[in-house]
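Asks: Input: one structure, supplied below.
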Protein chains: 2
Amino acid sequence: MPPSAIDFRAAQLAYFRGQSHRLFTAPEVGGWIAECEQQQVERETREAVNVREWRRAYDRATKLSPELVEEFERTTSIAWDAWVRARKASDFAAFKPHLAKLLELSLQMAEAWGYAEKPYDALLEGYEPGARTVDLQKVFDALRGQSVGLLSRIERKPRSELGGIFPIAAQQVFNKEVAQRIGFDFNAGRIDAAAHPFCTGLGPQDCRLTTRYDEKDFTDSLYSVLHECGHGLYDQGLPQEDHGTPMGSAVSLGIHESQSRLWENHVGRSREFWEYWLPVARKYFPQLAGKSGEELYAHVNQVRPSFIRVESDEVTYDLHIILRFELEQKLLHGEIAVEDVPSVWNSTFKELFGLDVPDDAHGCLQDIHWSHGSFGYFPTYTLGNLNASQLFHRIETEQPTLRRSIAAGEYGALLASLREKIHRHGHRYLPPQLMEKATGEPTRADYHAKYLEKKFVKGR
Amino acid sequence: MPPSAIDFRAAQLAYFRGQSHRLFTAPEVGGWIAECEQQQVERETREAVNVREWRRAYDRATKLSPELVEEFERTTSIAWDAWVRARKASDFAAFKPHLAKLLELSLQMAEAWGYAEKPYDALLEGYEPGARTVDLQKVFDALRGQSVGLLSRIERKPRSELGGIFPIAAQQVFNKEVAQRIGFDFNAGRIDAAAHPFCTGLGPQDCRLTTRYDEKDFTDSLYSVLHECGHGLYDQGLPQEDHGTPMGSAVSLGIHESQSRLWENHVGRSREFWEYWLPVARKYFPQLAGKSGEELYAHVNQVRPSFIRVESDEVTYDLHIILRFELEQKLLHGEIAVEDVPSVWNSTFKELFGLDVPDDAHGCLQDIHWSHGSFGYFPTYTLGNLNASQLFHRIETEQPTLRRSIAAGEYGALLASLREKIHRHGHRYLPPQLMEKATGEPTRADYHAKYLEKKFVKGR
């Protein structure tokens with residue numbers, strides 16, 4: 001964004017956020033919800049789900065004053081711009097006052113919302129309804145030990161490179177073929193290029209994915225597409241007739257991320273995936289003629305501790321999240337000061353990864369999330385990984401031919417199962433109940449740990 | 001846009017357009033304007049200008065019912081999608097019903113707005129306040145003869161090509177250097193890539209330009225940048241403190257286009273421009289080492305009748321506009337039927353350009369404008385050319401060193417003059433008065449005709 005334009009944009013967004021907050025929290029809206037609650041409707045019907053969720057959202061929203069909402073919005077707009085510049089210059093001091101202000105406002109909001117145990121609970125609730133810090137802590141503690149142990153047992157191999165140039169135009173056609181085959185509906189969506197891959201919905205039947213291209217490695221854009229397609233398939237599988245209501249919306253970030261990670265990793269980074277797709281890829285990229293499926297599989301499953309979360313492999317990914325989860329709590333609960341963030345980040349990073357962080361751009365300034373004031377967001381990434389492993393394990397139990405289907409490029413039964421277990425329910429159940437209905441138990445860490453162990457230590 | 005998403009988008013836009021129309025045309029708004037009109041304020045002060053223009057907009061808007069506004073909006077959303085597909089398939093029949101509907105609605109709006117002589121006047125007024133069809137007709141008739149005559153006297157040369165590849169990254173840096181030097185403020189704007197070059201404002205201090213890149217010819221993106229920068233300099237020169245009011249807005253499309261065409265053609269396609277920029281361009285594109293300034297000048301000033309307006313040269317450009325201006329009038333005034341559009345287009349094209357249109361994609365389906373229901377828009381392109389020639393001629397008279405400054409890469413005095421004559425006034429004067437204040441006379445055709453004659457026949 002042009003520097004001179006920031007202030008007006010911040011004022012504009014603050015105005016819109018404030019007005020929309022005033023409209024939604026008006027007493028008559030509460031009256032409408034109360035009136036709906038008087039009706040006798042069966043539980044878990046779309047009417048019951050919508051009223052239940054509107055009530056939850058209304059009660060949460062009315063605890064914040066429009067002024068606080070406006071100030072938060074204005075602060076994040078300005079903080080985001082400051083973060084872009086601070087990261088570029090690797091200058092934490094330039095971002096520090098914005099981070100401090102956002103933490104202060106987040107704490108104010110947490111106090112206004114209220115919480116059972118810790119302020120962090122109140123923030124988490126905004127991204128993962130029903131999740132509690134204390135439960136996550138237990139799961140993450142177990143995962144931390146497992147991941148660190150796993151990492152120490154994985155053999156380090158030299159970095160593999162594919163060689164040659166992969167023209168962007170060919171990558172686009174190949175990616176589209178993959179997306180179409182796994183079930184993404186291009187009549188109701190598109191894939192474009194952007195600096196950062198994402199998935200967003202512009203309306204019903206209008207799901208927009210982005211990816212970015214590396215001419216030296218076609219798998220970079222491919223796995224972004226598979227990841228975003230996982231999000232997109234969820235959005236396209238929501239009940240379209242309920243668009244704009246809770247019933248037609250995704251239930252949480254931890255469930256959303258389970259869909260993206262399942263397609264990206266459990267499907268896309270499997271040996272079976274390349275059985276089908278390597279011959280296809282060779283048509284687009286002739287330099288793959290000499291590569292075996294096993295080589296491709298090894299290439300896309302390299303494990304190597306590195307500084308940047310979004311470039312990390314499956315084994316180290318959750319360690320990146322655990323670092324942030326612990327640091328956020330310490331910050332919010334006043335156990336460390338804002339100026340300690342770089343040193344705490346760097347020492348924890350050394351402990352988890354065994355690496356010395358070279359500068360803050362490769363450390364505590366790397367992620368956009370804090371500049372948005374999104375404290376409590378990061379844990380949903382790891383919840384996504386856990387849910388993905390648990391779901392895939394369950395579906396594999398139910399569908400013994402699953403891996404053979406993937407090897408044949410057939411994804412219909414897998415997608416149908418995800419539609420049935422997750423997508424079609426929208427907001428019908430809270431995430432823990434949804435996971436229980438889908439897999440027979442709430443989210444656990446050990447399916448994921450076993451998956452990683454089997455894949456990266458046992459090699460299968 | 002994904003095909004399945006069109007209907008919702010159309011409904012959404014119709015809703016917003018209808019609501020915004022209802023808000024603006026509410027009786028109390030009329031009351032506020034009337035109250036302002038009671039105040040004694042000096043003419044042409046910002047207060048007087050705003051009240052005058054709000055009155056004009058209010059009186060025009062209140063003549064349309066919200067339902068008509070909604071229907072028009074919904075129809076254009078659907079027509080635009082149909083046009084994209086029809087053009088791709090070169091299938092006029094697929095676009096015909098949408099065009100017929102838009103014409104019918106446009107006529108309804110023209111009747112509601114009212115007009116002195118012809119329905120076309122009422123549409124023109126929306127793009128060029130104060131312009132009358134009958135006046136334009138005289139100017140365009142003169143121009144038609146001049147351009148056809150000119151074309152017949154210009155020597156046809158073989159198509160020139162620069163040769164070699166011009167990497168997009170180098171084009172971007174070069175274009176940015178040019179834009180910066182002519183005065184575009186990158187603190188308050190940016191240039192990005194898009195399928196179609198355009199200039200838009202996302203807010204005060206936030207001017208967004210786009211261009212597109214041809215790796216075989218760097219001048220393609222360069223002239224798009226110069227053109228859009230001309231628009232951008234106007235926007236950046238408007239009184240920023242008046243943003244959001246008529247005083248802070250551009251006065252008409254014909255004035256806006258004069259700014260883009262002045263920088264693109266009078267500055268950018270001059271010999272003097274390349275005196276300064278060829279040595280700079282050689283640093284980015286080594287293959288230009290063997291090219292002379294005269295060769296570049298000839299390359300960017302090739303004249304050749306062709307089918308597509310946006311690819312046309314300065315001599316044939318206005319003939320493309322005249323064709324559309326005449327055809328639109330015939331359609332609106334019922335002199336031809338919608339199904340006659342292709343045949344009338346093709347026969348007029350033959351008459352003006354001496355060429356047989358191969359298909360409707362290269363003929364009557366080429367432009368987006370009719371799918372937006374923008375009848376009366378095209379003539380403002382030619383008004384832009386006429387105004388640009390008249391303005392440049394006037395400034396050259398006032399600044400005898402103008403061409404020497406361009407040869408030295410110095411644009412400060414030229415930009416200052418445009419700021420002074422045009423930009424700073426916003427909506428203070430209507431276009432004819434603005435041109436009179438800026439150049440001593442209202443828009444005339446002969447400055448442009450003389451400019452073309454001198455440049456393309458006399459070769460200087």
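In the structure tokens, the first chain shown is A, the next is B, and so on; residue numbers restart at 1 for each chain, and ligands run from 1 in the order shown.
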What's around Gln12 in chain A at 10 Å? Count only C-alpha atoms, leave out sequence neighbours fewer than 4 positions away in its own chain, and write the answer as an mmCIF file with C-alpha atoms, in the first residue's frame.
Replies:
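The result, written out as part.cif:
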data_model
loop_
_atom_site.group_PDB
_atom_site.id
_atom_site.type_symbol
_atom_site.label_atom_id
_atom_site.label_comp_id
_atom_site.auth_asym_id
_atom_site.auth_seq_id
_atom_site.Cartn_x
_atom_site.Cartn_y
_atom_site.Cartn_z
ATOM 1 C CA ILE A 6 -2.334 4.283 5.219
ATOM 2 C CA ASP A 7 -4.021 6.784 7.523
ATOM 3 C CA PHE A 8 -7.162 7.153 5.441
ATOM 4 C CA PHE A 16 -16.769 0.291 8.754
ATOM 5 C CA ARG A 17 -15.840 -2.065 11.586
ATOM 6 C CA GLY A 18 -17.419 0.283 14.128
ATOM 7 C CA GLU A 70 -12.721 0.906 16.141
ATOM 8 C CA GLU A 73 -9.138 -1.920 13.732
ATOM 9 C CA ARG A 74 -7.299 1.379 13.320
ATOM 10 C CA SER A 77 -4.106 -1.190 9.896
ATOM 11 C CA GLY B 203 -8.791 6.615 -1.679
#
Asks: For Glu420 in chain B, please output as an MDAnalysis selection string all residues within 10 Å (counting only C-alpha atoms; exclusion window: fewer than 5 positions along the same chain).
Replies: chainID B and resid 237 414:415 425 438
Asks: Selected residues, N, CA, C and O atoms, written as a compact mmCIF listing (two decimals), in the first residue's frame, please.
Replies:
# COMPACT_ATOMS: atom_id res chain seq x y z
N GLY B 237 -3.04 15.43 -8.63
CA GLY B 237 -3.02 16.89 -8.60
C GLY B 237 -4.34 17.52 -8.18
O GLY B 237 -4.43 18.74 -8.03
N LEU B 414 6.18 21.56 -17.33
CA LEU B 414 4.98 21.05 -18.00
C LEU B 414 3.95 20.58 -16.97
O LEU B 414 2.77 20.95 -17.04
N LEU B 415 4.41 19.80 -16.02
CA LEU B 415 3.47 19.31 -15.00
C LEU B 415 2.90 20.48 -14.21
O LEU B 415 1.69 20.51 -13.92
N HIS B 425 -8.19 22.53 -10.31
CA HIS B 425 -9.55 23.04 -10.35
C HIS B 425 -10.61 22.01 -10.01
O HIS B 425 -11.75 22.39 -9.73
N ALA B 438 -8.09 27.45 -19.84
CA ALA B 438 -6.75 26.86 -19.96
C ALA B 438 -6.07 27.23 -21.28
O ALA B 438 -4.86 27.38 -21.33
Asks: Chain B near chain A within 10 Å: what's each residue's closest atom pair and its distance in Å to one decimal, counting only C-alpha atoms, ordered by chain then ascending residue number, as CSV?
Replies:
residue,atom,partner,partner_atom,distance
B:Met1,CA,A:Gly189,CA,7.8
B:Pro2,CA,A:Ala188,CA,5.1
B:Pro3,CA,A:Asn187,CA,5.4
B:Ser4,CA,A:Ala188,CA,5.3
B:Ala5,CA,A:Gln205,CA,5.0
B:Ile6,CA,A:Gln205,CA,8.7
B:Asp7,CA,A:Gln205,CA,9.7
B:Phe8,CA,A:Pro204,CA,7.2
B:Arg9,CA,A:Gly203,CA,7.5
B:Gln12,CA,A:Gly203,CA,9.4
B:Asp185,CA,A:Pro2,CA,9.4
B:Phe186,CA,A:Pro2,CA,6.7
B:Asn187,CA,A:Pro2,CA,5.2
B:Ala188,CA,A:Pro2,CA,5.1
B:Gly189,CA,A:Pro2,CA,5.3
B:Arg190,CA,A:Pro2,CA,6.7
B:Leu202,CA,A:Ala5,CA,8.8
B:Gly203,CA,A:Ala5,CA,7.2
B:Pro204,CA,A:Ala5,CA,6.5
B:Gln205,CA,A:Ala5,CA,4.9
B:Asp206,CA,A:Ala5,CA,5.3
B:Cys207,CA,A:Pro2,CA,8.4
B:Arg208,CA,A:Pro2,CA,9.2
Asks: Have a look at CA of Pro442 in chain B and CA of Gly130 in chain B and let me know their distance in Å, one decimal.
Replies: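 Here the two named atoms are 11.9 Å from each other.
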Asks: From the list A:Tyr276, A:Phe72, A:Trp263, A:Phe307, which residue is nearest Tyr223 in chain A when using only C-alpha atoms?
Replies: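 Ranking A:Tyr276, A:Phe72, A:Trp263, A:Phe307 by distance to Tyr223 in chain A, first place goes to A:Trp263.
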Asks: Name the residues of range 250-340 of chain A that fall into alpha helix (DSSP H) according to DSSP on the backbone, using the chain letters and numbers of this document, as an NGL selection string.
Replies: :A and (253-261 or 271-284 or 293-299 or 314-332)
Asks: With only C-alpha atoms as the counted atoms, please give the residues lying no more than 9 Å from Tyr234 in chain B, apart from itself and same-chain residues fewer than 6 positions off, as a list in words.
Replies: Ala250, His256, Gln259, Ser260, Leu418, Arg419, Ile422, His423 and Arg424 of chain B
Asks: Give me, as a ChimeraX atom specification, all polymer residues having an atom no more than 12 Å from Leu402 in chain A, counting only C-alpha atoms and skipping those fewer than 2 positions away in the same chain.
Replies: /A:266-267,270,272-273,392-400,404-415,417
Asks: Excluding same-chain residues fewer than 3 positions from Glu47 in chain B, what lies within 10 Å of it counting only C-alpha atoms, as a ChimeraX atom specification?
Replies: /B:36-37,39,41-44,50-52,245-247
